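Student: Just dropping this structure here.
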Amino acid sequence: MSHDASANALETPTLFVPRRKLLFTGRRAIVASVFSSLLILGAIIAVFYLAPGGASVRYFFFNPHQMWQSFTGNPSKGLSSVGAGIITNIWMFCVCEVMVLIFGLLIAWVRMSTSAVLFPFRVLSTMYTDLFRGIPILLVIFMVGFGLPALGLGFLSTQSPAVYGCISLTITYSAYVAEVYRAGINSVPNGQLLAARSLGLTSSATMRRVILPQAVRTVIPPLLNDFISMQKDTALVSTLGAIEATRAAQIYASTEFNFSGYVVASILFLLLTIPMTRFTDHLISKDRVKRLAAAQ
Amino acid sequence: MSDVVLDLQSVTKRFGDNEVLRGVSLQLHRHEVVCLIGASGSGKSTLLRCANMLETIDGGDIFLFDQSLSDPRIDPDLVRRNIAMVFQSYNLFPHLSVLENILLGPVFALKRKRSDVIDEAMALLSRIGLSERANDFPERLSGGQQQRVAIVRSLAMQPALLLLDEVTSALDPTLVGEVLDLLRDLAQSGTTMLIATHEMGFAKDVAQQVAYLDKGVLVEQGTPEQMFSNPQHEATRKFLERA
């Protein structure tokens with residue numbers, strides 16, 4: 001037996017593969033990545049410190065005392081708090097997200113309807129999405145924020161700047177989200193619709209039981225992406241004079257001649273958007289894994 | 001009630017300039033199995049979809065139990081609840097378990113009580129030997145198993161008529177047998193079926209009538225014996241030689 005085995009081994013052709021040296025594996029890979037990260041980070045900090053204006057940038061943007069004062073605000077000096085301002089941003093996008101989810105679905109539904117009665121609405125909703133995906137959101141904010149009060153429509157014309165900001169954000173983002181919904185619904189294969197209808201389900205039952213549950217899965221990541229950018233766009237409402245984080249930082253800068261408030265506002269926005277970004281990426285990769293598993 | 005379940009009278013259907021059905025007439029009686037044969041693109045699928053009102057017809061008329069389907073007052077959803085259809089690509093609902101796939105029609109189209117339907121659904125599953133897969137999702141099943149679930153899903157509606165659109169064409173050859181066996185079983189228990197198929201051996205065994213479609217024209221129709229041993233038309237003979 002042993003003789004046979006060695007004979008076999010001799011007959012096995014040897015493959016001469018040029019050996020590539022694996023430099024970074026296991027522990028060495030970790031050491032290498034830590035080293036390169038420190039190197040890059042160190043280089044960035046060095047540039048920042050050694051630049052001719054480095055000291056004044058540190059004073060005007062990253063001054064710990066100024067940052068803290070802008071965060072808490074100081075009523076005696078007439079300084080608004082950036083920390084309190086971010087609360088305004090948070091409620092604005094919380095309200096807007098709910099409104100956008102509802103209006104977006106409504107617009108998508110009208111746009112995809114086939115009923116003859118809804119024809120004019122179908123044209124309107126197509127125009128709507130074309131229009132508001134094309135106009136810069138800042139211009140929509142100006143038009144709503146200065147236009148609605150000018151109309152003199154009583155209740156509608158006497159709201160606070162934050163409310164006009166919410167209306168503008170809802171108008172613009174509903175157009176984006178309607179398209180996201182539409183893409184999600186279109187991504188469900190036509191065979192699903194045929195199968196459901198041939199079971200005798202009505203078109204609304206088909207939508208509710210078969211199409212939407214499948215569309216939601218594809219729609220959630222792009223929807224969250226739109227929400228992340230909407231969170232940031234609440235800052236634009238500052239142009240109407242609403243005292244949110246950006247506006248508070250602006251007031252601080254023009255009173256104290258120090259920009260540290262802007263850095264504080266940026267950090268606060270990051271604290272809001274980063275968890276959402278991570279969550280979205282997590283959902284996307286989970287869905288990808290699931291799809292790969294299903295394909296096998 | 002008359003014995004005729006489905007009656008197609010010189011049905012025509014066009015997609016743009018393309019005339020897919022050119023005056024097709026066909027009758028289907030209770031407990032009868034009719035097989036539609038013909039090359040791909042001959043109009044078999046379109047014929048089935050017209051019968052299920054998934055397509056509107058351009059001419060002629062279709063009657064289900066003496067009721068014209070071109071009557072504008074008719075509710076297509078009600079018609080489809082009496083006519084079940086099974087597709088080439090199964091079209092199971094991937095977000096629902098096998099059991100939920102079967103329950104969907106009876107519960108949400110027929111508005112029957114869920115607890116009443118569950119026993120029937122489980123009986124159907126055990127008939128195809130898949131009762132222990134009831135809570136699995138369709139993607140966990142083989143193609144043959146998925147297609148058999150799709151067939152019992154349509155049976156759960158207790159339809160008067162079953163339309164089958166090349167239900168074995170997308171299957172791995174080793175899985176075709178189990179699906180055809182189920183259809184044989186259904187034929188024996190008296191299910192009325194209109195079957196578009198490429199499986200000539202199966203058509204010969206099961207059908208009472210075989211109809212040959214060529215470019216939207218119903219060229220010839222007869223019992224399997226007539227059709228397979230003594231076809232009257234040149235086109236039918238040529239098709240059967242190739243098949």
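Lettering and numbering for the structure tokens are positional, with chains as A, B, ... in the shown order, residues counted from 1 in each chain, and ligands counted from 1 in the shown order.
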Could you list the residues in chain A lying within 10 Å of chain B, using only C-alpha atoms, and format the result as a PDB file with C-alpha atoms, in the first residue's frame?
Tutor:
```pdb
ATOM      1  CA  PRO A 189     -41.794  41.614 -11.245  1.00  0.00           C
ATOM      2  CA  ASN A 190     -44.936  41.782 -13.389  1.00  0.00           C
ATOM      3  CA  GLY A 191     -45.584  38.062 -12.756  1.00  0.00           C
ATOM      4  CA  GLN A 192     -46.446  38.914  -9.152  1.00  0.00           C
ATOM      5  CA  LEU A 193     -49.190  41.254 -10.325  1.00  0.00           C
ATOM      6  CA  LEU A 194     -50.526  38.668 -12.790  1.00  0.00           C
ATOM      7  CA  ALA A 195     -50.525  35.928 -10.148  1.00  0.00           C
ATOM      8  CA  ALA A 196     -52.361  38.084  -7.622  1.00  0.00           C
ATOM      9  CA  ARG A 197     -54.942  39.353 -10.124  1.00  0.00           C
ATOM     10  CA  SER A 198     -55.586  35.855 -11.479  1.00  0.00           C
ATOM     11  CA  LEU A 199     -56.426  34.779  -7.916  1.00  0.00           C
ATOM     12  CA  GLY A 200     -59.224  37.316  -8.128  1.00  0.00           C
ATOM     13  CA  LEU A 201     -57.661  39.881  -5.816  1.00  0.00           C
ATOM     14  CA  THR A 202     -58.812  43.448  -6.500  1.00  0.00           C
ATOM     15  CA  SER A 203     -56.187  45.931  -7.630  1.00  0.00           C
ATOM     16  CA  ALA A 205     -55.735  44.208  -2.414  1.00  0.00           C
ATOM     17  CA  THR A 206     -52.975  43.267  -4.865  1.00  0.00           C
ATOM     18  CA  ARG A 209     -50.897  42.313   0.045  1.00  0.00           C
ATOM     19  CA  VAL A 210     -48.458  41.575  -2.761  1.00  0.00           C
ATOM     20  CA  ILE A 211     -46.781  44.595  -4.378  1.00  0.00           C
ATOM     21  CA  PRO A 213     -44.700  44.427   0.958  1.00  0.00           C
ATOM     22  CA  GLN A 214     -42.129  43.519  -1.683  1.00  0.00           C
ATOM     23  CA  ARG A 217     -37.696  46.129   1.028  1.00  0.00           C
ATOM     24  CA  ALA A 293     -28.205  33.625  -0.335  1.00  0.00           C
ATOM     25  CA  ALA A 294     -31.484  33.490  -2.251  1.00  0.00           C
ATOM     26  CA  ALA A 295     -29.645  33.298  -5.577  1.00  0.00           C
ATOM     27  CA  GLN A 296     -27.864  30.086  -4.574  1.00  0.00           C
TER      28      GLN A 296
END
```
Student: How would you write, as a PyMOL selection string, the set of residues in region 42-222 of chain B that DSSP gives as helix (DSSP H, G or I)?
Tutor: chain B and resi 44-51+76-82+98-109+114-127+131-133+138-140+143-155+173-188+200-206
Student: Using DSSP on the backbone coordinates, identify the residues of region 51-240 of chain B assigned to strand (DSSP E); present them as number ranges by chain.
Tutor: B: 59-64, 67-68, 83-86, 161-165, 193-196, 209-214, 217-222
Student: Create the file for the chosen residues now, containing N, CA and C atoms and written as a compact mmCIF listing (two decimals), in the first residue's frame.
Tutor:
```txt
# COMPACT_ATOMS: atom_id res chain seq x y z
N GLY B 59 -61.89 40.94 -30.92
CA GLY B 59 -63.04 40.51 -31.70
C GLY B 59 -63.51 39.15 -31.22
N GLY B 60 -64.72 38.76 -31.62
CA GLY B 60 -65.29 37.50 -31.17
C GLY B 60 -65.80 37.64 -29.75
N ASP B 61 -66.01 36.51 -29.09
CA ASP B 61 -66.53 36.58 -27.72
C ASP B 61 -66.10 35.34 -26.93
N ILE B 62 -66.05 35.50 -25.63
CA ILE B 62 -65.73 34.38 -24.75
C ILE B 62 -66.88 34.24 -23.75
N PHE B 63 -67.37 33.01 -23.57
CA PHE B 63 -68.44 32.77 -22.61
C PHE B 63 -67.96 31.87 -21.51
N LEU B 64 -68.24 32.25 -20.28
CA LEU B 64 -67.99 31.39 -19.14
C LEU B 64 -69.36 31.03 -18.57
N GLN B 67 -72.13 33.09 -19.84
CA GLN B 67 -72.06 34.52 -19.52
C GLN B 67 -70.95 35.14 -20.37
N SER B 68 -71.32 36.15 -21.18
CA SER B 68 -70.31 36.76 -22.04
C SER B 68 -69.33 37.58 -21.22
N ILE B 83 -61.91 31.19 -12.40
CA ILE B 83 -60.94 30.62 -13.32
C ILE B 83 -59.56 30.78 -12.68
N ALA B 84 -58.89 29.68 -12.40
CA ALA B 84 -57.56 29.81 -11.80
C ALA B 84 -56.51 29.67 -12.90
N MET B 85 -55.36 30.29 -12.68
CA MET B 85 -54.31 30.22 -13.70
C MET B 85 -52.97 29.92 -13.05
N VAL B 86 -52.21 29.04 -13.69
CA VAL B 86 -50.86 28.71 -13.22
C VAL B 86 -49.88 29.09 -14.32
N LEU B 161 -62.54 26.09 -13.39
CA LEU B 161 -61.68 25.82 -14.53
C LEU B 161 -60.25 26.20 -14.17
N LEU B 162 -59.32 25.37 -14.62
CA LEU B 162 -57.91 25.63 -14.35
C LEU B 162 -57.19 25.85 -15.67
N LEU B 163 -56.49 27.01 -15.77
CA LEU B 163 -55.70 27.29 -16.97
C LEU B 163 -54.23 27.09 -16.63
N LEU B 164 -53.52 26.32 -17.44
CA LEU B 164 -52.11 26.07 -17.14
C LEU B 164 -51.25 26.49 -18.33
N ASP B 165 -50.35 27.43 -18.10
CA ASP B 165 -49.56 28.01 -19.18
C ASP B 165 -48.13 27.45 -19.16
N MET B 193 -59.66 21.38 -17.20
CA MET B 193 -58.39 22.07 -17.42
C MET B 193 -58.16 22.42 -18.88
N LEU B 194 -57.59 23.60 -19.09
CA LEU B 194 -57.11 23.99 -20.41
C LEU B 194 -55.60 24.16 -20.28
N ILE B 195 -54.84 23.31 -20.97
CA ILE B 195 -53.41 23.22 -20.72
C ILE B 195 -52.62 23.55 -21.97
N ALA B 196 -51.79 24.61 -21.90
CA ALA B 196 -50.85 24.87 -22.99
C ALA B 196 -49.59 24.09 -22.65
N GLN B 209 -59.27 16.26 -25.60
CA GLN B 209 -59.17 16.97 -26.87
C GLN B 209 -57.79 17.60 -26.97
N VAL B 210 -57.22 17.58 -28.17
CA VAL B 210 -55.96 18.29 -28.41
C VAL B 210 -56.22 19.30 -29.52
N ALA B 211 -55.75 20.54 -29.31
CA ALA B 211 -55.94 21.57 -30.34
C ALA B 211 -54.58 22.09 -30.76
N TYR B 212 -54.39 22.18 -32.07
CA TYR B 212 -53.10 22.67 -32.58
C TYR B 212 -53.25 24.10 -33.08
N LEU B 213 -52.44 24.99 -32.49
CA LEU B 213 -52.44 26.40 -32.88
C LEU B 213 -51.21 26.69 -33.71
N ASP B 214 -51.41 27.44 -34.80
CA ASP B 214 -50.26 27.84 -35.62
C ASP B 214 -50.45 29.30 -36.02
N VAL B 217 -53.87 30.75 -35.50
CA VAL B 217 -55.02 30.05 -36.11
C VAL B 217 -55.13 28.67 -35.50
N LEU B 218 -56.37 28.30 -35.11
CA LEU B 218 -56.58 26.95 -34.61
C LEU B 218 -56.72 26.04 -35.83
N VAL B 219 -55.63 25.35 -36.16
CA VAL B 219 -55.58 24.60 -37.42
C VAL B 219 -56.41 23.34 -37.33
N GLU B 220 -56.28 22.64 -36.20
CA GLU B 220 -56.92 21.34 -36.12
C GLU B 220 -57.19 20.99 -34.68
N GLN B 221 -58.30 20.28 -34.48
CA GLN B 221 -58.66 19.88 -33.13
C GLN B 221 -59.26 18.49 -33.19
N GLY B 222 -58.94 17.66 -32.21
CA GLY B 222 -59.51 16.32 -32.21
C GLY B 222 -59.07 15.54 -30.99
```
Student: Could you check the closest approach to Ala248 (chain A) for each of A:Met92, A:Leu118, A:Val263, A:Val177 and tell me which residue wins, using only C-alpha atoms?
Tutor: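 So, comparing all the options, the nearest one is A:Val263.
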Student: Find the residues near Leu138 (chain A): any atom within 9 Å, counting only C-alpha atoms, skip ones fewer than 6 places away on the same chain, and give them as a VMD selection string.
Tutor: chain A and resid 168 236 to 237 239
Student: If we count only C-alpha atoms, what is near Tyr176 (chain A) at a cut-off of 9 Å, once residues fewer than 2 positions away on the same chain are taken out, given as number ranges by chain?
Tutor: A: 104, 129, 132-133, 172-174, 178-181, 226
Student: Using only C-alpha atoms, which of the listed residues (A:Cys166, A:Leu223, A:Ile274, A:Ile284) sits closest to Val95 (chain A)?
Tutor: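 Between A:Cys166, A:Leu223, A:Ile274, A:Ile284, the residue approaching Val95 (chain A) most closely is A:Cys166.
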